[in-house]
$ cat target_34.csv   # CSV, C-alpha atoms
chain,number,residue,atom,x,y,z
L,1,MET,CA,25.3,-11.8,-0.4
L,2,LYS,CA,23.1,-14.6,1.0
L,3,LYS,CA,19.5,-14.1,-0.2
L,4,LYS,CA,17.0,-13.2,2.4
L,5,HIS,CA,13.3,-14.0,2.1
L,6,ASN,CA,11.9,-10.5,3.0
L,7,PHE,CA,8.4,-10.5,4.6
L,8,TYR,CA,8.7,-7.1,6.2
L,9,ALA,CA,5.5,-5.0,6.2
L,10,GLY,CA,7.4,-1.9,5.1
L,11,PRO,CA,9.6,-0.4,4.0
L,12,ALA,CA,9.4,-3.5,1.9
L,13,ILE,CA,11.1,-5.7,-0.6
L,14,LEU,CA,12.0,-4.2,-4.0
L,15,PRO,CA,12.8,-6.0,-7.3
L,16,ALA,CA,16.5,-6.9,-7.5
L,17,GLU,CA,16.8,-5.1,-10.9
L,18,VAL,CA,15.3,-1.9,-9.4
L,19,ILE,CA,17.8,-1.9,-6.6
L,20,LYS,CA,20.6,-2.5,-9.0
L,21,GLU,CA,19.5,0.4,-11.3
L,22,ALA,CA,18.8,2.7,-8.3
L,23,ALA,CA,22.3,2.0,-7.0
L,24,GLN,CA,23.8,3.0,-10.3
L,25,GLY,CA,21.7,6.2,-10.2
L,26,VAL,CA,23.2,7.0,-6.8
L,27,LEU,CA,26.6,6.8,-8.4
L,28,ASP,CA,25.7,8.5,-11.7
L,29,ILE,CA,22.4,9.4,-13.2
L,30,ASN,CA,22.1,9.2,-17.0
L,31,ASN,CA,25.9,9.6,-17.4
L,32,SER,CA,25.6,13.2,-16.1
L,33,GLY,CA,28.6,12.9,-13.8
L,34,LEU,CA,26.2,13.6,-10.9
L,35,SER,CA,24.3,11.4,-8.4
L,36,ILE,CA,20.5,11.3,-8.3
L,37,LEU,CA,21.1,12.4,-4.7
L,38,GLU,CA,22.7,15.7,-5.7
L,39,ILE,CA,21.0,16.8,-8.9
L,40,SER,CA,18.6,19.8,-8.8
L,41,HIS,CA,15.0,18.9,-8.9
L,42,ARG,CA,14.8,21.6,-11.6
L,43,ASP,CA,17.3,19.8,-13.8
L,44,LYS,CA,15.9,18.2,-17.0
L,45,ASP,CA,17.1,14.8,-15.8
L,46,PHE,CA,14.8,14.9,-12.8
L,47,ILE,CA,11.9,16.7,-14.6
L,48,ASN,CA,11.9,13.9,-17.1
L,49,ILE,CA,11.9,11.3,-14.2
L,50,MET,CA,8.9,13.0,-12.6
L,51,GLU,CA,6.9,13.3,-15.8
L,52,GLU,CA,7.5,9.7,-16.8
L,53,ALA,CA,6.6,8.5,-13.3
L,54,ARG,CA,3.3,10.4,-13.4
L,55,GLY,CA,2.5,9.2,-16.8
L,56,LEU,CA,3.2,5.5,-15.9
L,57,VAL,CA,0.9,5.8,-12.9
L,58,LYS,CA,-2.0,6.8,-15.2
L,59,GLU,CA,-1.1,4.3,-17.9
L,60,LEU,CA,-1.0,1.4,-15.5
L,61,MET,CA,-4.3,2.5,-13.9
L,62,GLY,CA,-6.0,3.2,-17.2
L,63,LEU,CA,-6.9,6.7,-16.3
L,64,GLY,CA,-7.3,9.8,-18.5
L,65,ASP,CA,-6.5,13.5,-18.4
L,66,ASP,CA,-9.2,14.3,-15.9
L,67,TYR,CA,-6.9,12.8,-13.2
L,68,LYS,CA,-3.8,14.5,-11.9
L,69,VAL,CA,-0.8,12.6,-10.3
L,70,LEU,CA,1.3,14.1,-7.5
L,71,PHE,CA,4.3,12.8,-5.7
L,72,LEU,CA,4.4,14.5,-2.3
L,73,GLY,CA,6.3,14.2,1.0
L,74,GLY,CA,4.8,13.6,4.4
L,75,GLY,CA,3.7,10.0,4.0
L,76,ALA,CA,0.2,8.7,3.8
L,77,SER,CA,-0.3,10.2,7.3
L,78,LEU,CA,-0.2,13.7,5.9
L,79,GLN,CA,-3.0,12.7,3.5
L,80,PHE,CA,-5.2,12.0,6.5
L,81,ASP,CA,-5.2,15.8,6.9
L,82,MET,CA,-5.0,16.9,3.2
L,83,VAL,CA,-8.0,14.8,2.1
L,84,PRO,CA,-10.6,16.5,4.4
L,85,TYR,CA,-8.8,19.8,4.1
L,86,ASN,CA,-9.4,19.8,0.4
L,87,LEU,CA,-12.7,17.9,0.1
L,88,LEU,CA,-14.7,18.5,3.3
L,89,ALA,CA,-16.7,21.6,2.8
L,90,ASN,CA,-17.4,24.1,5.6
L,91,GLY,CA,-20.6,22.8,7.3
L,92,GLY,CA,-20.4,19.6,5.3
L,93,THR,CA,-19.9,16.0,6.4
L,94,ALA,CA,-17.4,13.3,5.4
L,95,ALA,CA,-18.2,9.5,5.5
L,96,TYR,CA,-15.6,7.0,6.7
L,97,VAL,CA,-15.4,3.3,7.0
L,98,ASN,CA,-13.2,2.1,9.9
L,99,THR,CA,-11.2,-1.1,9.2
L,100,GLY,CA,-8.2,-0.7,11.4
L,101,VAL,CA,-5.4,1.5,12.8
L,102,TRP,CA,-4.8,3.6,9.8
L,103,ALA,CA,-8.4,4.1,9.0
L,104,SER,CA,-8.9,5.1,12.7
L,105,LYS,CA,-6.1,7.7,12.4
L,106,ALA,CA,-7.6,9.1,9.2
L,107,ILE,CA,-10.9,9.5,11.0
L,108,LYS,CA,-9.3,11.3,13.9
L,109,GLU,CA,-7.6,13.8,11.6
L,110,ALA,CA,-10.7,14.4,9.6
L,111,LYS,CA,-12.6,15.2,12.8
L,112,GLY,CA,-10.1,18.1,13.3
L,113,VAL,CA,-11.3,19.6,10.0
L,114,GLY,CA,-15.0,19.1,10.1
L,115,ASN,CA,-18.0,16.7,10.6
L,116,VAL,CA,-17.3,13.0,10.2
L,117,ASN,CA,-19.8,10.2,10.0
L,118,VAL,CA,-18.3,6.7,10.6
L,119,ILE,CA,-20.9,4.7,8.6
L,120,ALA,CA,-19.4,1.3,9.2
L,121,SER,CA,-16.7,-0.3,11.4
L,122,SER,CA,-15.2,-3.8,12.1
L,123,GLU,CA,-13.8,-2.7,15.4
L,124,ASP,CA,-16.4,-4.9,17.2
L,125,LYS,CA,-14.4,-8.0,16.1
L,126,LYS,CA,-10.9,-6.6,16.4
L,127,PHE,CA,-10.9,-5.6,12.7
L,128,SER,CA,-10.9,-9.2,11.5
L,129,TYR,CA,-13.3,-8.6,8.7
L,130,VAL,CA,-14.3,-5.8,6.2
L,131,PRO,CA,-17.8,-4.2,6.7
L,132,LYS,CA,-20.2,-4.7,3.8
L,133,ASN,CA,-23.7,-3.6,2.8
L,134,TYR,CA,-23.5,-0.3,4.6
L,135,THR,CA,-25.5,2.7,3.4
L,136,ILE,CA,-23.5,5.5,1.8
L,137,PRO,CA,-25.1,8.9,2.6
L,138,ALA,CA,-25.7,10.7,-0.7
L,139,ASP,CA,-25.3,14.2,1.0
L,140,ALA,CA,-21.8,13.5,2.3
L,141,ASN,CA,-18.9,15.3,0.6
L,142,TYR,CA,-17.0,12.0,0.1
L,143,LEU,CA,-16.5,8.5,1.3
L,144,HIS,CA,-13.1,7.4,2.6
L,145,ILE,CA,-12.1,3.7,2.7
L,146,THR,CA,-8.8,1.8,3.2
L,147,SER,CA,-8.3,-0.9,0.6
L,148,ASN,CA,-5.9,-3.0,2.5
L,149,ASN,CA,-5.3,-3.1,6.3
L,150,THR,CA,-1.6,-3.8,6.8
L,151,ILE,CA,-1.8,-4.4,10.5
L,152,TYR,CA,-4.9,-6.6,10.7
L,153,GLY,CA,-4.5,-8.4,7.4
L,154,THR,CA,-7.9,-7.6,5.7
L,155,GLN,CA,-8.5,-6.4,2.2
L,156,ILE,CA,-11.4,-5.1,0.2
L,157,HIS,CA,-11.9,-7.4,-2.8
L,158,LYS,CA,-15.0,-5.6,-4.2
L,159,PHE,CA,-15.3,-1.9,-4.0
L,160,PRO,CA,-18.7,-0.2,-3.4
L,161,ASP,CA,-20.6,1.6,-6.0
L,162,CYS,CA,-20.5,5.1,-4.6
L,163,PRO,CA,-22.9,8.0,-5.4
L,164,ILE,CA,-20.4,10.5,-3.9
L,165,PRO,CA,-16.6,11.0,-4.5
L,166,LEU,CA,-14.8,7.8,-3.4
L,167,VAL,CA,-11.5,8.3,-1.7
L,168,CYS,CA,-9.1,5.4,-0.9
L,169,ASP,CA,-5.9,4.8,1.0
L,170,MET,CA,-4.2,2.2,-1.1
L,171,SER,CA,-0.8,2.4,0.6
L,172,SER,CA,-0.3,-1.3,1.1
L,173,ASP,CA,-1.9,-2.8,-2.1
L,174,ILE,CA,-1.4,-0.2,-4.8
L,175,PHE,CA,-0.6,-1.7,-8.2
L,176,SER,CA,-1.1,-5.3,-6.8
L,177,LYS,CA,-4.1,-6.2,-9.0
L,178,ARG,CA,-6.4,-5.0,-11.7
L,179,THR,CA,-9.1,-2.6,-10.5
L,180,ASP,CA,-11.5,-0.2,-12.1
L,181,PHE,CA,-9.7,2.9,-10.8
L,182,SER,CA,-12.2,5.2,-12.5
L,183,LYS,CA,-14.5,4.4,-9.6
L,184,PHE,CA,-12.3,6.6,-7.4
L,185,SER,CA,-12.1,10.4,-7.2
L,186,LEU,CA,-8.9,10.3,-5.1
L,187,ILE,CA,-6.3,7.6,-4.3
L,188,TYR,CA,-3.3,8.0,-2.2
L,189,ALA,CA,-0.5,5.6,-1.3
L,190,GLY,CA,2.9,5.7,0.4
L,191,ALA,CA,5.6,4.4,-1.9
L,192,GLN,CA,7.3,2.0,0.5
L,193,LYS,CA,5.2,-1.1,0.0
L,194,ASN,CA,4.7,-1.8,-3.7
L,195,MET,CA,6.0,1.4,-5.4
L,196,GLY,CA,9.5,2.2,-4.2
L,197,ALA,CA,11.6,3.6,-1.4
L,198,ALA,CA,10.1,5.4,1.6
L,199,GLY,CA,9.8,9.1,1.3
L,200,ALA,CA,7.3,9.8,-1.4
L,201,THR,CA,3.5,9.5,-1.4
L,202,MET,CA,1.5,9.2,-4.6
L,203,VAL,CA,-1.8,11.1,-4.9
L,204,ILE,CA,-4.0,10.7,-7.9
L,205,VAL,CA,-7.0,13.0,-7.9
L,206,LYS,CA,-9.9,14.0,-10.2
L,207,GLU,CA,-9.3,17.7,-10.6
L,208,SER,CA,-13.0,18.5,-10.8
L,209,ILE,CA,-13.6,17.6,-7.1
L,210,LEU,CA,-11.2,20.3,-5.9
L,211,GLY,CA,-11.8,23.9,-4.9
L,212,LYS,CA,-15.3,23.5,-3.4
L,213,THR,CA,-14.7,23.6,0.4
L,214,GLY,CA,-15.3,27.3,0.9
L,215,ARG,CA,-12.2,27.7,3.1
L,216,LYS,CA,-9.1,29.8,2.6
L,217,MET,CA,-6.4,27.2,1.8
L,218,LEU,CA,-2.9,27.0,3.0
L,219,SER,CA,-0.6,26.5,0.1
L,220,MET,CA,1.4,23.4,1.2
L,221,LEU,CA,-1.9,21.6,2.0
L,222,ASP,CA,-3.7,22.6,-1.3
L,223,TYR,CA,-3.8,19.9,-4.0
L,224,GLN,CA,-4.5,22.6,-6.6
L,225,VAL,CA,-1.2,24.4,-5.7
L,226,HIS,CA,0.8,21.1,-6.1
L,227,ILE,CA,-1.0,20.3,-9.4
L,228,LYS,CA,-0.2,23.7,-10.8
L,229,ALA,CA,3.4,23.3,-9.8
L,230,GLU,CA,3.6,19.7,-11.2
L,231,SER,CA,4.7,18.3,-7.8
L,232,MET,CA,7.5,20.9,-7.6
L,233,TYR,CA,5.9,23.5,-5.3
L,234,ASN,CA,8.7,22.6,-2.9
L,235,THR,CA,11.6,20.2,-3.3
L,236,PRO,CA,10.1,16.8,-3.9
L,237,PRO,CA,11.6,13.5,-2.4
L,238,VAL,CA,13.8,13.1,-5.4
L,239,PHE,CA,15.3,9.7,-4.7
L,240,SER,CA,12.1,8.1,-3.7
L,241,VAL,CA,10.4,9.4,-6.9
L,242,TYR,CA,13.3,7.9,-8.9
L,243,VAL,CA,12.9,4.5,-7.3
L,244,SER,CA,9.2,4.7,-7.9
L,245,LEU,CA,9.8,5.3,-11.6
L,246,LEU,CA,12.1,2.3,-11.8
L,247,THR,CA,9.5,0.1,-10.1
L,248,LEU,CA,6.7,1.3,-12.4
L,249,ARG,CA,8.9,0.6,-15.4
L,250,TRP,CA,9.6,-2.9,-14.0
L,251,LEU,CA,5.9,-3.5,-13.6
L,252,LYS,CA,5.0,-2.3,-17.1
L,253,ALA,CA,7.8,-4.3,-18.8
L,254,ASN,CA,6.7,-7.5,-17.2
L,255,GLY,CA,3.0,-7.2,-18.1
L,256,GLY,CA,1.4,-4.6,-15.9
L,257,LEU,CA,-1.3,-5.3,-13.4
L,258,ALA,CA,-2.7,-8.4,-15.1
L,259,TRP,CA,0.8,-10.0,-14.7
L,260,ILE,CA,1.3,-9.1,-11.1
L,261,GLU,CA,-2.3,-10.0,-10.1
L,262,ASP,CA,-1.7,-13.5,-11.3
L,263,ILE,CA,1.4,-13.8,-9.3
L,264,ASN,CA,-0.1,-12.3,-6.2
L,265,ARG,CA,-3.1,-14.6,-6.3
L,266,LYS,CA,-0.8,-17.6,-6.6
L,267,LYS,CA,1.2,-16.4,-3.6
L,268,ALA,CA,-1.9,-15.8,-1.4
L,269,GLU,CA,-3.4,-19.2,-2.4
L,270,LEU,CA,-0.2,-21.0,-1.6
L,271,PHE,CA,0.2,-19.5,1.8
L,272,TYR,CA,-3.4,-19.6,3.0
L,273,THR,CA,-3.8,-23.2,1.8
L,274,GLU,CA,-0.9,-24.1,4.1
L,275,VAL,CA,-2.3,-22.1,7.0
L,276,ASP,CA,-5.6,-23.8,6.8
L,277,ARG,CA,-4.1,-27.3,6.4
L,278,ASN,CA,-1.4,-27.0,9.1
L,279,SER,CA,-2.5,-28.1,12.5
L,280,LEU,CA,0.0,-25.7,14.2
L,281,PHE,CA,-1.3,-22.5,12.7
L,282,THR,CA,-4.5,-20.5,12.5
L,283,GLY,CA,-5.4,-17.4,10.4
L,284,THR,CA,-6.8,-14.4,12.2
L,285,VAL,CA,-9.1,-13.0,9.4
L,286,VAL,CA,-12.4,-14.3,8.0
L,287,LYS,CA,-11.5,-16.1,4.7
L,288,GLU,CA,-13.4,-13.9,2.3
L,289,ASP,CA,-11.6,-10.8,3.5
L,290,ARG,CA,-8.0,-12.1,3.7
L,291,SER,CA,-5.4,-9.8,2.4
L,292,TRP,CA,-3.1,-10.9,-0.5
L,293,MET,CA,-0.5,-8.5,0.8
L,294,ASN,CA,-0.4,-9.0,4.6
L,295,ALA,CA,-1.3,-12.5,5.9
L,296,ASN,CA,-1.7,-12.7,9.7
L,297,PHE,CA,-1.5,-16.0,11.5
L,298,LEU,CA,-1.0,-17.5,15.0
L,299,LEU,CA,1.0,-20.4,16.3
L,300,ASN,CA,-1.5,-22.7,18.2
L,301,LYS,CA,1.1,-23.8,20.7
L,302,PRO,CA,2.7,-20.7,22.2
L,303,GLU,CA,5.4,-22.9,23.9
L,304,LEU,CA,6.8,-23.6,20.5
L,305,GLU,CA,7.3,-20.0,19.6
L,306,GLU,CA,11.0,-19.8,20.4
L,307,SER,CA,11.7,-22.9,18.3
L,308,PHE,CA,9.6,-21.7,15.4
L,309,ASN,CA,11.3,-18.3,15.4
L,310,LYS,CA,14.7,-20.0,15.3
L,311,THR,CA,13.6,-22.3,12.4
L,312,TRP,CA,12.3,-19.5,10.1
L,313,LYS,CA,15.3,-17.3,10.8
L,314,GLU,CA,17.7,-20.2,10.0
L,315,ALA,CA,15.9,-20.5,6.6
L,316,GLY,CA,16.9,-17.0,5.8
L,317,ILE,CA,13.4,-15.5,6.4
L,318,VAL,CA,13.1,-12.0,7.9
L,319,GLY,CA,10.2,-9.7,8.9
L,320,LEU,CA,7.8,-12.4,10.0
L,321,LYS,CA,7.0,-11.1,13.5
L,322,GLY,CA,3.4,-9.8,13.8
L,323,HIS,CA,2.5,-6.3,14.6
L,324,ARG,CA,2.4,-5.5,18.4
L,325,ASP,CA,-1.4,-4.8,18.2
L,326,VAL,CA,-2.2,-8.2,16.8
L,327,GLY,CA,0.7,-10.5,17.9
L,328,GLY,CA,1.5,-13.8,16.2
L,329,TYR,CA,3.1,-13.6,12.8
L,330,ARG,CA,2.6,-11.5,9.6
L,331,ALA,CA,3.8,-12.5,6.2
L,332,SER,CA,3.8,-9.5,3.9
L,333,MET,CA,3.7,-10.6,0.3
L,334,TYR,CA,4.2,-7.4,-1.7
L,335,ASN,CA,4.7,-7.3,-5.5
L,336,ALA,CA,8.4,-7.9,-5.5
L,337,LEU,CA,8.2,-11.0,-3.2
L,338,THR,CA,8.4,-14.1,-5.4
L,339,LEU,CA,6.4,-17.2,-5.4
L,340,GLU,CA,9.6,-19.0,-4.5
L,341,ASP,CA,10.0,-16.9,-1.4
L,342,VAL,CA,6.5,-17.9,-0.2
L,343,GLN,CA,7.3,-21.5,-1.0
L,344,VAL,CA,10.3,-21.4,1.4
L,345,LEU,CA,8.0,-20.2,4.2
L,346,VAL,CA,5.4,-22.8,3.4
L,347,ASP,CA,8.1,-25.5,3.5
L,348,VAL,CA,9.3,-24.3,6.8
L,349,MET,CA,5.8,-24.5,8.2
L,350,LYS,CA,5.3,-28.0,6.9
L,351,ASP,CA,8.6,-29.3,8.2
L,352,PHE,CA,7.9,-27.6,11.6
L,353,GLU,CA,4.6,-29.5,11.8
L,354,LYS,CA,6.2,-32.8,11.1
L,355,LYS,CA,8.6,-32.3,13.9
L,356,ASN,CA,6.2,-30.8,16.4
L,357,GLY,CA,2.7,-31.7,15.4

$ encode --input "target_34.csv" --output "C-alpha cells"
Amino acid sequence: MKKKHNFYAGPAILPAEVIKEAAQGVLDINNSGLSILEISHRDKDFINIMEEARGLVKELMGLGDDYKVLFLGGGASLQFDMVPYNLLANGGTAAYVNTGVWASKAIKEAKGVGNVNVIASSEDKKFSYVPKNYTIPADANYLHITSNNTIYGTQIHKFPDCPIPLVCDMSSDIFSKRTDFSKFSLIYAGAQKNMGAAGATMVIVKESILGKTGRKMLSMLDYQVHIKAESMYNTPPVFSVYVSLLTLRWLKANGGLAWIEDINRKKAELFYTEVDRNSLFTGTVVKEDRSWMNANFLLNKPELEESFNKTWKEAGIVGLKGHRDVGGYRASMYNALTLEDVQVLVDVMKDFEKKNG
C-alpha cells in the first residue's frame, strides 16, 4: 500500500506497529481463539488490558495513587458536562478560559449546571492567541482550561500556577511533551489524537476533589461510581481501550514523553520555519502560542489554491484542508507523524514557491 502522509486533525495517524498489533488482536487476542471485538469486558484478557492501560497513564505522567484513571465513552464532549456536574458546587462558581470552539462548548455546558465566570478569552482576535496574566478567583470551585486548540492552532506552553483545582482538556496534545501533571486536579482527553482509536476518553482525576457538590448524583455521570467500578460500571469501549494500551506501550518503549517531546519540537520547528520563510504562506497564530500539534496557515495567493491542492495531494499528503471556521490549511502533527512526513510537506511548499513565487 502506498504510504500516505497523514495530517488529519482526528481521528488521526497511529504508529504503524500499533495498527499491525491491533489488527492481529482483531483476529485473535492473546491466542484465545477470540477477537478483541468479541471478548467479554469481564474476561481476564480485557481486565488485564484495562489495568495495564490505567497504570501506564500514571507512569508516563509521573502521578501517584492519589490520582485515578478512567476510560469512558461519550468523547471529550461528555466531559464538558461531567466536569461541572462533579466539581461545581450548588451555589458555587466555576472559572473558565475561552480559547476556541471546544472551550466555548465547555463553557456553554457548564452554564447548564451552575454559575460560570469566563475570566479570560481570546475571542476578540479570533482565538489567534492564548490569554495570559489573568486573575484566578480563589473562591471558584475550579479553573478549566484547554491546553491545545485543535481548530485555531494555539497551545498553552506554560500552565498557570493555580490556587484552586485546575482542570484541563488535553484532547489534542495529551502525551506530546513533558509537563508537571501534578499541577492538575483533573485531566481529560479523547483518545483519537495521540492515544488511540476513537471511542474512548481518558479521565485522570485527583479523588480528593470529588463528592463536594451537594447535589444528588446520577450514576452514569458520577466519577466516583466509575472509579469504584474501575471503568466497568457499564461496558467500556473495549477496542479503543486496547488500541490506547498499545499506543501507550509504544510510547514507553521508545523513551516516553522526553523522547516524543524532542521529536515534536523538531517537527514544529521544521514546519514553522518554512511557513515564516516562504513568501506564499502565512501563519495565523502569534508565534509564542503556536501549537506543536495543529499548525494553521494561509496561502497568500488564493488564485493558486487549486494548483497547491493538486500538488500536495500528488505528493501523497492527506488531511491538509483547514477547518471550516478558519479556512486555509491545517497540518496536524500528532505523535505518530514522523519528521520525514513533515519534511515531505515542507519540500512541497518550497517547490511550489519556486514555481509560483

$ residues_around --input "target_34.csv" --residues "Lys125 in chain L" --least-positions-apart "3" --cutoff "12 Å" --atoms "all atoms listed in the file" --output "list in words"
Asn98, Thr99, Gly100, Ser121, Ser122, Ser128, Tyr129, Val130, Pro131, Tyr152, Thr284, Val285 and Val286 of chain L

$ write_last_selection --input "target_34.csv" --atoms "C-alpha atoms" --output "PDB file, in the frame of the given file"
ATOM      1  CA  ASN L  98     -13.200   2.100   9.900  1.00  0.00           C
ATOM      2  CA  THR L  99     -11.200  -1.100   9.200  1.00  0.00           C
ATOM      3  CA  GLY L 100      -8.200  -0.700  11.400  1.00  0.00           C
ATOM      4  CA  SER L 121     -16.700  -0.300  11.400  1.00  0.00           C
ATOM      5  CA  SER L 122     -15.200  -3.800  12.100  1.00  0.00           C
ATOM      6  CA  SER L 128     -10.900  -9.200  11.500  1.00  0.00           C
ATOM      7  CA  TYR L 129     -13.300  -8.600   8.700  1.00  0.00           C
ATOM      8  CA  VAL L 130     -14.300  -5.800   6.200  1.00  0.00           C
ATOM      9  CA  PRO L 131     -17.800  -4.200   6.700  1.00  0.00           C
ATOM     10  CA  TYR L 152      -4.900  -6.600  10.700  1.00  0.00           C
ATOM     11  CA  THR L 284      -6.800 -14.400  12.200  1.00  0.00           C
ATOM     12  CA  VAL L 285      -9.100 -13.000   9.400  1.00  0.00           C
ATOM     13  CA  VAL L 286     -12.400 -14.300   8.000  1.00  0.00           C
TER      14      VAL L 286
END

$ residues_around --input "target_34.csv" --residues "range 24-26 of chain L" --least-positions-apart "6" --cutoff "9 Å" --atoms "all atoms listed in the file" --output "MDAnalysis selection string"
chainID L and resid 34:38 239 242

$ residues_near_point --input "target_34.csv" --point "(-6.2, -18.3, 13.7)" --cutoff "9 Å" --atoms "all atoms listed in the file" --output "PDB file with C-alpha atoms, in the coordinates of the input"
ATOM      1  CA  VAL L 275      -2.300 -22.100   7.000  1.00  0.00           C
ATOM      2  CA  ASP L 276      -5.600 -23.800   6.800  1.00  0.00           C
ATOM      3  CA  PHE L 281      -1.300 -22.500  12.700  1.00  0.00           C
ATOM      4  CA  THR L 282      -4.500 -20.500  12.500  1.00  0.00           C
ATOM      5  CA  GLY L 283      -5.400 -17.400  10.400  1.00  0.00           C
ATOM      6  CA  THR L 284      -6.800 -14.400  12.200  1.00  0.00           C
ATOM      7  CA  VAL L 285      -9.100 -13.000   9.400  1.00  0.00           C
ATOM      8  CA  ASN L 296      -1.700 -12.700   9.700  1.00  0.00           C
ATOM      9  CA  PHE L 297      -1.500 -16.000  11.500  1.00  0.00           C
ATOM     10  CA  LEU L 298      -1.000 -17.500  15.000  1.00  0.00           C
ATOM     11  CA  LEU L 299       1.000 -20.400  16.300  1.00  0.00           C
ATOM     12  CA  ASN L 300      -1.500 -22.700  18.200  1.00  0.00           C
TER      13      ASN L 300
END

$ residues_around --input "target_34.csv" --residues "Leu337 in chain L" --least-positions-apart "4" --cutoff "10 Å" --atoms "only C-alpha atoms" --output "number ranges by chain"
L: 5-7, 12-15, 194, 263-264, 267, 293, 332-333, 341-342

$ residues_around --input "target_34.csv" --residues "Ser176 in chain L" --least-positions-apart "3" --cutoff "7 Å" --atoms "only C-alpha atoms" --output "PyMOL selection string"
chain L and resi 173+257+260-261+335

$ closest_residue --input "target_34.csv" --among "L:Glu123, L:Asp289, L:Asp81, L:Glu274" --to "Ile156 in chain L" --atoms "all atoms listed in the file"
L:Asp289

$ residues_around --input "target_34.csv" --residues "range 232-236 of chain L" --least-positions-apart "4" --cutoff "10 Å" --atoms "only C-alpha atoms" --output "VMD selection string"
chain L and resid 40 to 42 47 50 70 to 73 199 to 200 219 to 220 225 to 228 240 to 241

$ atom_distance --input "target_34.csv" --atom1 "CA of Ile164 in chain L" --atom2 "CA of Tyr142 in chain L"
5.5 Å

$ closest_residue --input "target_34.csv" --among "L:Ile145, L:Val205, L:Leu87, L:Met349" --to "Ile107 in chain L" --atoms "only C-alpha atoms"
L:Ile145

$ closest_residue --input "target_34.csv" --among "L:Ala95, L:Ser182, L:Ala22, L:Asn149" --to "Pro137 in chain L" --atoms "all atoms listed in the file"
L:Ala95

$ closest_residue --input "target_34.csv" --among "L:Phe308, L:Trp102, L:Tyr96, L:Tyr8" --to "Ser77 in chain L" --atoms "all atoms listed in the file"
L:Trp102

$ atom_distance --input "target_34.csv" --atom1 "CA of Ala89 in chain L" --atom2 "CA of Ala138 in chain L"
14.6 Å

$ atom_distance --input "target_34.csv" --atom1 "CA of Cys162 in chain L" --atom2 "CA of Lys252 in chain L"
29.3 Å

$ closest_residue --input "target_34.csv" --among "L:Asn86, L:Gln192, L:Asn48, L:Asn31" --to "Leu221 in chain L" --atoms "all atoms listed in the file"
L:Asn86

$ closest_residue --input "target_34.csv" --among "L:Val344, L:Leu248, L:Val101, L:Val326" --to "Glu59 in chain L" --atoms "all atoms listed in the file"
L:Leu248

$ build_atoms --input "target_34.csv" --residues "range 325-336 of chain L" --atoms "N, CA, C and O atoms" --output "compact mmCIF listing (two decimals), keeping the file's coordinate frame"
# COMPACT_ATOMS: atom_id res chain seq x y z
N ASP L 325 0.03 -4.85 17.89
CA ASP L 325 -1.40 -4.80 18.20
C ASP L 325 -2.14 -6.08 17.95
O ASP L 325 -3.27 -6.25 18.42
N VAL L 326 -1.52 -6.98 17.21
CA VAL L 326 -2.20 -8.20 16.80
C VAL L 326 -1.46 -9.44 17.41
O VAL L 326 -2.07 -10.42 17.84
N GLY L 327 -0.12 -9.38 17.44
CA GLY L 327 0.70 -10.50 17.90
C GLY L 327 0.83 -11.56 16.80
O GLY L 327 0.48 -11.35 15.65
N GLY L 328 1.36 -12.70 17.19
CA GLY L 328 1.50 -13.80 16.20
C GLY L 328 2.53 -13.43 15.14
O GLY L 328 3.58 -12.82 15.40
N TYR L 329 2.15 -13.76 13.90
CA TYR L 329 3.10 -13.60 12.80
C TYR L 329 2.32 -12.88 11.62
O TYR L 329 1.09 -12.93 11.52
N ARG L 330 3.11 -12.22 10.77
CA ARG L 330 2.60 -11.50 9.60
C ARG L 330 3.50 -11.74 8.44
O ARG L 330 4.67 -11.32 8.49
N ALA L 331 3.00 -12.36 7.39
CA ALA L 331 3.80 -12.50 6.20
C ALA L 331 3.31 -11.52 5.15
O ALA L 331 2.21 -11.63 4.60
N SER L 332 4.12 -10.50 4.92
CA SER L 332 3.80 -9.50 3.90
C SER L 332 4.31 -9.89 2.58
O SER L 332 5.51 -10.12 2.42
N MET L 333 3.40 -9.99 1.61
CA MET L 333 3.70 -10.60 0.30
C MET L 333 3.52 -9.55 -0.80
O MET L 333 2.66 -9.71 -1.66
N TYR L 334 4.31 -8.48 -0.75
CA TYR L 334 4.20 -7.40 -1.70
C TYR L 334 4.65 -7.85 -3.12
O TYR L 334 5.19 -8.94 -3.29
N ASN L 335 4.46 -6.97 -4.10
CA ASN L 335 4.70 -7.30 -5.50
C ASN L 335 6.05 -7.98 -5.75
O ASN L 335 6.15 -8.93 -6.52
N ALA L 336 7.10 -7.46 -5.16
CA ALA L 336 8.40 -7.90 -5.50
C ALA L 336 8.80 -9.25 -4.80
O ALA L 336 9.81 -9.86 -5.13
